[in-house]
Amino acid sequence: MLQTEAPTRETYEPLSHSLEVSIFYFLSAIAILVFFYGLYRRLDSYVDGPEDEVARLDNFRHRVRSATRIVFSNENQFDRDIYAGLMHSFIVWGFLSLLIATTILAIDLYIYGRFTGSSFWRGDFYVAYQFAVDALGLLFVVGVGMAIYRRYWIRKDRLFSPHTSLEDHLFIWTLFFLGVGGFLLEGIRILVNGYPPFEVVSFVGWATALGMEAVFSIAGVSTTGSTASSVHWGLWWSHSLLSLFFIAWIPFAKPFHMLSSFANVVVRDEKAGKRLPGVPADLEATNAESMDDFTWKERLDQDACTKCGRCSAVCPAKASGRPLDPQSVILDLKSYRETNDAGDAEIPIVADGGTSVIDAETMESCLSCMACMDACPVEIEHLKSFTRMNRQLVDQGDVDGNVQDVFQNVMQHGNTFGEPAGDRGTWADELDVDLTDAREEDVEYLWYVGDFPSYDERNKRVARSLAKLLDKADVSFGILFEDEQYDGNDIRRLGEEYLYLELAGHHVEQFEDCTFEKLICTDPHAYNTFKNEYPEVDFDEFADDPMMPFEYDEPWNDDGEIDVLHWTQAVEELVLETRLGLTGNELDYTVTYHDPCHLGRYNDEYEAPRRLIRATGCDLQEMPRNRADSFCCGGGGGGLWMEFDEEPKPSEQRLREALEETPAGNAVEKFVVACPMCMTMYEDGRKTGGYESDIEIVDVAELLVEAVTK
Ligand code: SF4
Ligand code: SF4
């Protein structure tokens, strides 16, 4: 230690001569060069990728500010997992504090010291610095200890996957030995310097020194002799070499997520998943023929993955035994990209038959529920890459037979059922309400009924209930009859982009020909695509295409002038205006509510259906997985049209949850839905799961009709 009056110390204290310091500088330079070389290689691979279709760098200052808040607060890590939130916060805050502390020291030594010949790292500043470094260093070690406990003692399932490898173990243990090594080094320094009184602020180092002294004493080693000095020297070098190795290693393995994850949060698309990117009209353009098709953002997604397994833990396809693991898809693409860059032979990205990077069945398994994206702490946009691969499957003709039939039905009849377009309004035949033809008369609400409420017997009852409600509230509403076609949301997610464009062009022409104030949808899937995707379709690019059955060539509703609503939002307004005459005491059922993915996670509408249920007087009991944590019914992303061996089906899992895990348990009488696809899936799950005598499936509209007719 420097014998000065003010508290401070030597930086390179145990090094005996300047050659050793020079060696340290030389090794540091190599570590930094390797770091920058690795970083260059990573950045180069992004620059190589095609432009992303979405603006990612606009409003950059805001993006950085909000990413900084997300990353520093660790709010995504706290979501659904308080232990992980605390653990990650301790590691991040501790690591960054140590990094800042080292930077301050370097500034003092190499800049301030060089120019002024003195040091600000002394006196009160030194004392405060030492205390802060010890406190935050301890936080860091505790955080890493929590991670080790969770990984090796608890052996948390989601942390282990086929992609778990040496880098995961090396990363966690390197952090651990960096933290613990720092305290050992501090302890031996305090010990060999005879406990300088001001060093008591380095409380962890001080305690470590006392522990070391006890060990030395048991071993009969003097704390002032050459053995203690050698231990000091050995600890200094081992800590320094480990630090330099870590710096050089960052861009080449898991530690890179410290940079890539932050960057991924900065460039995230707030509407990712709920709106899919378009395709160029250029027929030469490919979707996922090779890694070259993946944009820089999709490559960054791959590199940002921390292997936390949260996406896979919430995936309903995985939970029901379908061959899909979202984490593995992202990491399989990453591994392939890396081996490909290293010169390995190319194989198809996605295909049927097990010879590709991703198997067609894996992609078909996805329900587009967005649970993976909601759970991902680093904002990876799984559905963007998945849609790219689904589009490739459509290009190649590798499409599930049932889905192929659905595409044919839509092409020939304009609906997924393959029923005559002229039968579209027949659901209303048994109704005492006269339906207005919105093509002939001005209406307040243009009601897009949708395929299931138009053609499926169970859902026709829901459509009739909604018609009665709108009639009772005395609003003017109308439908498009045979000019209504399938909305296209789910076939778009299955990769059928051109058919989707035809449907979108058809509908915007119909909408433009009608006069209405609000567009309301029975189906959250239709609501999603009308609200988030139709306004972004570049109709002009395709209007001249002779294959496209529309001439519309302007953006539709890009200014949001037309209010697009799910029916629960529209009827909530009517209830608030007391136009349904509800007192709130009409019904006394105990019910639970299932948030449909396309209404909840996709569009943040959680409260309107709940308010309507409560407005009937029902006792609403929440399932543990509610709102953004809701679990898909199994029908999205074409799941409703495909046949998979599922054990158990997502709908059966959900009905069991309703009867066993709400506070009311099996007293729950009705399982309330707000989506026609959910209705279909749960009616099926009720039969196959053996729940027919335990619970009834009802739509919010049916509850309301029962209440208003009491
Ligand atoms: S969207 Fe849903 S089904 Fe598809 S991978 Fe993500 S969590 Fe799984
Ligand atoms: S994709 Fe996201 S949620 Fe899934 S393992 Fe990677 S970081 Fe975790």
# chains A, B, ... in the order shown; residues from 1 in each chain; ligands from 1
>>> closest_atom_pairs(of="chain A", to="ligand 2", cutoff="7 Å", atoms="only C-alpha atoms and all ligand atoms", output="JSON lines")
{"residue": "A:Ala304", "atom": "CA", "partner": "ligand 2", "partner_atom_place_in_ligand_line": "7 (S)", "distance": 6.6}
{"residue": "A:Cys305", "atom": "CA", "partner": "ligand 2", "partner_atom_place_in_ligand_line": "6 (Fe)", "distance": 3.7}
{"residue": "A:Thr306", "atom": "CA", "partner": "ligand 2", "partner_atom_place_in_ligand_line": "7 (S)", "distance": 4.3}
{"residue": "A:Lys307", "atom": "CA", "partner": "ligand 2", "partner_atom_place_in_ligand_line": "5 (S)", "distance": 3.8}
{"residue": "A:Cys308", "atom": "CA", "partner": "ligand 2", "partner_atom_place_in_ligand_line": "8 (Fe)", "distance": 3.9}
{"residue": "A:Gly309", "atom": "CA", "partner": "ligand 2", "partner_atom_place_in_ligand_line": "5 (S)", "distance": 3.9}
{"residue": "A:Arg310", "atom": "CA", "partner": "ligand 2", "partner_atom_place_in_ligand_line": "3 (S)", "distance": 4.3}
{"residue": "A:Cys311", "atom": "CA", "partner": "ligand 2", "partner_atom_place_in_ligand_line": "3 (S)", "distance": 4.1}
{"residue": "A:Ser312", "atom": "CA", "partner": "ligand 2", "partner_atom_place_in_ligand_line": "4 (Fe)", "distance": 6.3}
{"residue": "A:Pro326", "atom": "CA", "partner": "ligand 2", "partner_atom_place_in_ligand_line": "4 (Fe)", "distance": 6.6}
{"residue": "A:Gln327", "atom": "CA", "partner": "ligand 2", "partner_atom_place_in_ligand_line": "4 (Fe)", "distance": 4.5}
{"residue": "A:Ile330", "atom": "CA", "partner": "ligand 2", "partner_atom_place_in_ligand_line": "1 (S)", "distance": 6.5}
{"residue": "A:Cys372", "atom": "CA", "partner": "ligand 2", "partner_atom_place_in_ligand_line": "3 (S)", "distance": 6.4}
{"residue": "A:Ala375", "atom": "CA", "partner": "ligand 2", "partner_atom_place_in_ligand_line": "3 (S)", "distance": 5.8}
{"residue": "A:Cys376", "atom": "CA", "partner": "ligand 2", "partner_atom_place_in_ligand_line": "3 (S)", "distance": 3.5}
{"residue": "A:Pro377", "atom": "CA", "partner": "ligand 2", "partner_atom_place_in_ligand_line": "2 (Fe)", "distance": 5.9}
{"residue": "A:Val378", "atom": "CA", "partner": "ligand 2", "partner_atom_place_in_ligand_line": "7 (S)", "distance": 5.7}
{"residue": "A:Glu379", "atom": "CA", "partner": "ligand 2", "partner_atom_place_in_ligand_line": "2 (Fe)", "distance": 6.7}
{"residue": "A:Ile380", "atom": "CA", "partner": "ligand 2", "partner_atom_place_in_ligand_line": "2 (Fe)", "distance": 5.5}
>>> write_last_selection(atoms="C-alpha atoms", output="JSON list (two decimals), in the first residue's frame")
[["chain", "number", "residue", "atom", "x", "y", "z"],
["A", 304, "ALA", "CA", -30.02, -12.42, -28.62],
["A", 305, "CYS", "CA", -31.48, -15.66, -27.30],
["A", 306, "THR", "CA", -30.30, -16.31, -23.75],
["A", 307, "LYS", "CA", -31.60, -19.91, -23.66],
["A", 308, "CYS", "CA", -33.81, -19.03, -20.70],
["A", 309, "GLY", "CA", -36.50, -21.38, -22.02],
["A", 310, "ARG", "CA", -39.39, -19.09, -21.04],
["A", 311, "CYS", "CA", -40.88, -19.25, -24.53],
["A", 312, "SER", "CA", -40.92, -23.03, -24.54],
["A", 326, "PRO", "CA", -39.89, -22.25, -29.97],
["A", 327, "GLN", "CA", -36.52, -21.84, -28.29],
["A", 330, "ILE", "CA", -34.60, -19.98, -32.94],
["A", 372, "CYS", "CA", -43.63, -17.14, -26.62],
["A", 375, "ALA", "CA", -42.72, -14.37, -22.33],
["A", 376, "CYS", "CA", -39.42, -13.61, -24.04],
["A", 377, "PRO", "CA", -37.42, -11.18, -21.90],
["A", 378, "VAL", "CA", -35.34, -9.97, -24.82],
["A", 379, "GLU", "CA", -38.17, -9.28, -27.28],
["A", 380, "ILE", "CA", -37.37, -11.99, -29.80]]
>>> residues_near_ligand(ligand="ligand 1", cutoff="8 Å", atoms="only C-alpha atoms and all ligand atoms", output="ChimeraX atom specification")
/A:311-312,314-318,324-326,365-373,382-383,632,637
>>> write_last_selection(atoms="C-alpha atoms", output="short mmCIF file (atom, residue, chain, number, x, y, z; two decimals), in the first residue's frame")
data_model
loop_
_atom_site.label_atom_id
_atom_site.label_comp_id
_atom_site.auth_asym_id
_atom_site.auth_seq_id
_atom_site.Cartn_x
_atom_site.Cartn_y
_atom_site.Cartn_z
CA CYS A 311 -40.88 -19.25 -24.53
CA SER A 312 -40.92 -23.03 -24.54
CA VAL A 314 -45.46 -21.27 -22.05
CA CYS A 315 -45.92 -22.79 -25.50
CA PRO A 316 -49.26 -24.63 -25.75
CA ALA A 317 -48.05 -26.62 -28.76
CA LYS A 318 -45.13 -27.99 -26.77
CA LEU A 324 -42.55 -27.63 -31.56
CA ASP A 325 -40.17 -25.97 -29.16
CA PRO A 326 -39.89 -22.25 -29.97
CA SER A 365 -47.62 -27.04 -34.94
CA CYS A 366 -47.47 -23.34 -34.10
CA LEU A 367 -50.78 -21.87 -32.95
CA SER A 368 -49.67 -18.25 -33.48
CA CYS A 369 -50.75 -17.52 -29.93
CA MET A 370 -47.85 -15.15 -29.25
CA ALA A 371 -47.29 -16.55 -25.75
CA CYS A 372 -43.63 -17.14 -26.62
CA MET A 373 -43.13 -13.52 -27.64
CA HIS A 382 -40.57 -15.68 -33.05
CA LEU A 383 -43.62 -15.28 -35.25
CA CYS A 632 -54.31 -20.78 -26.20
CA GLY A 637 -52.57 -20.40 -36.50
#
>>> residues_around(residues="region 122-128 of chain A", least_positions_apart="6", cutoff="7 Å", atoms="only C-alpha atoms", output="compact mmCIF listing (two decimals) with C-alpha atoms, in the first residue's frame")
# COMPACT_ATOMS: atom_id res chain seq x y z
CA ALA A 6 -5.21 9.91 2.40
CA PRO A 7 -6.68 6.44 1.95
CA THR A 8 -5.77 4.86 -1.41
CA VAL A 201 -15.38 -0.04 4.47
>>> closest_residue(among="A:Trp556, A:His88, A:Gly113, A:Asp456", to="Met258 (chain A)", atoms="only C-alpha atoms")
A:His88
>>> atom_distance(atom1="CA of Thr662 (chain A)", atom2="CA of Pro624 (chain A)")
6.7 Å
>>> closest_atom_pairs(of="region 52-101 of chain A", to="region 146-154 of chain A", cutoff="12 Å", atoms="only C-alpha atoms", output="JSON lines")
{"residue": "A:Tyr83", "atom": "CA", "partner": "A:Met146", "partner_atom": "CA", "distance": 8.5}
{"residue": "A:Ala84", "atom": "CA", "partner": "A:Ala147", "partner_atom": "CA", "distance": 8.2}
{"residue": "A:Gly85", "atom": "CA", "partner": "A:Met146", "partner_atom": "CA", "distance": 10.9}
{"residue": "A:Leu86", "atom": "CA", "partner": "A:Met146", "partner_atom": "CA", "distance": 9.0}
{"residue": "A:Met87", "atom": "CA", "partner": "A:Met146", "partner_atom": "CA", "distance": 6.0}
{"residue": "A:His88", "atom": "CA", "partner": "A:Ala147", "partner_atom": "CA", "distance": 8.3}
{"residue": "A:Ser89", "atom": "CA", "partner": "A:Met146", "partner_atom": "CA", "distance": 11.2}
{"residue": "A:Phe90", "atom": "CA", "partner": "A:Met146", "partner_atom": "CA", "distance": 9.4}
{"residue": "A:Ile91", "atom": "CA", "partner": "A:Ala147", "partner_atom": "CA", "distance": 9.1}
>>> write_last_selection(atoms="C-alpha atoms", output="mmCIF file, in the first residue's frame")
data_model
loop_
_atom_site.group_PDB
_atom_site.id
_atom_site.type_symbol
_atom_site.label_atom_id
_atom_site.label_comp_id
_atom_site.auth_asym_id
_atom_site.auth_seq_id
_atom_site.Cartn_x
_atom_site.Cartn_y
_atom_site.Cartn_z
ATOM 1 C CA TYR A 83 -36.925 -15.378 -8.376
ATOM 2 C CA ALA A 84 -35.541 -14.892 -11.895
ATOM 3 C CA GLY A 85 -36.252 -11.159 -11.697
ATOM 4 C CA LEU A 86 -34.285 -10.746 -8.472
ATOM 5 C CA MET A 87 -31.481 -13.017 -9.645
ATOM 6 C CA HIS A 88 -31.062 -11.224 -12.954
ATOM 7 C CA SER A 89 -31.334 -7.781 -11.340
ATOM 8 C CA PHE A 90 -28.572 -8.616 -8.865
ATOM 9 C CA ILE A 91 -26.330 -9.895 -11.647
#
>>> atom_distance(atom1="CA of Ser693 (chain A)", atom2="CA of Thr568 (chain A)")
28.1 Å
